[in-house]
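One structure below.
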Amino acid sequence: MIERPTNITSTDELRPILDGALAQQFPGGMLQRKWEGDVLHLSGPGAKGTIQLEDGKVVGRAQLSPPASMMRGLIEQKISQALEAAMERA
């Protein structure tokens with residue numbers, strides 16, 4: 001789980017910021033994104049996860065299996081960087 005504190009209080013405000021930051025870290029459609037209500041669902045080869053606002057934090061959760069599990073460190077780093085970038089833009 002990855003958590004970042006935020007002053008953002010609505011998903012409507014978070015959505016464009018987070019989408020832009022994730023597109024920058026995962027170009028070319030390697031990470032599929034789909035919003036369902038207030039939850040962003042992520043999927044890619046061997047990876048599924050969610051990102052959502054929870055109690056003043058943006059919280060990301062993921063389940064990794066091969067081949068993504070072999071790149072856990074890199075994936076966690078890119079998601080963390082995307083969340084940091086999104087929070088800087090907020």
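To be explicit about the labels: the chains of the structure tokens are called A, B, and onward in the order shown, and within each one the residues are counted from 1, while ligands get numbers from 1 in the order they are shown.
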Could you tell me, as a ChimeraX atom specification, which residues of segment 32-85 of chain A DSSP assigns to strand (DSSP E or B) when given the backbone? /A:32-36,39-44,47-54,57-64
Can you tell me which residues surround Ile8 of chain A at a distance of at most 10 Å, considering only C-alpha atoms, apart from same-chain residues fewer than 6 positions away, and format the answer as a list in words?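 Near Ile8 of chain A, the qualifying residues are Leu14, Leu53, Gly56, Lys57, Val58, Met87 and Ala90 of chain A.
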Those residues you just picked out, can you put them in a file as a PDB file, in the first residue's frame with C-alpha atoms?
```pdb
ATOM      1  CA  LEU A  14      -8.091  14.477  -8.067  1.00  0.00           C
ATOM      2  CA  LEU A  53      -9.101   9.212  -1.529  1.00  0.00           C
ATOM      3  CA  GLY A  56      -7.159  13.072   3.701  1.00  0.00           C
ATOM      4  CA  LYS A  57      -4.824  10.671   1.874  1.00  0.00           C
ATOM      5  CA  VAL A  58      -4.496   9.275  -1.604  1.00  0.00           C
ATOM      6  CA  MET A  87       0.081  16.045  -4.939  1.00  0.00           C
ATOM      7  CA  ALA A  90      -2.875  19.907  -6.326  1.00  0.00           C
TER       8      ALA A  90
END
```
Between atom CA of Ala47 of chain A and atom CA of Ile17 of chain A, what is the spacing in Å?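 Calculated distance between atom CA of Ile17 of chain A and atom CA of Ala47 of chain A is 21.9 Å.
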Given only C-alpha atoms as the basis, pick out the residue of A:Arg72, A:Arg89, A:Arg15, A:Arg4 nearest to Gly46 of chain A. A:Arg72
Within 9 Å of Leu22 of chain A using only C-alpha atoms, minus same-chain residues under 2 positions, as a ChimeraX atom specification: /A:17-20,24-27,31,33,78-79,81-83,86
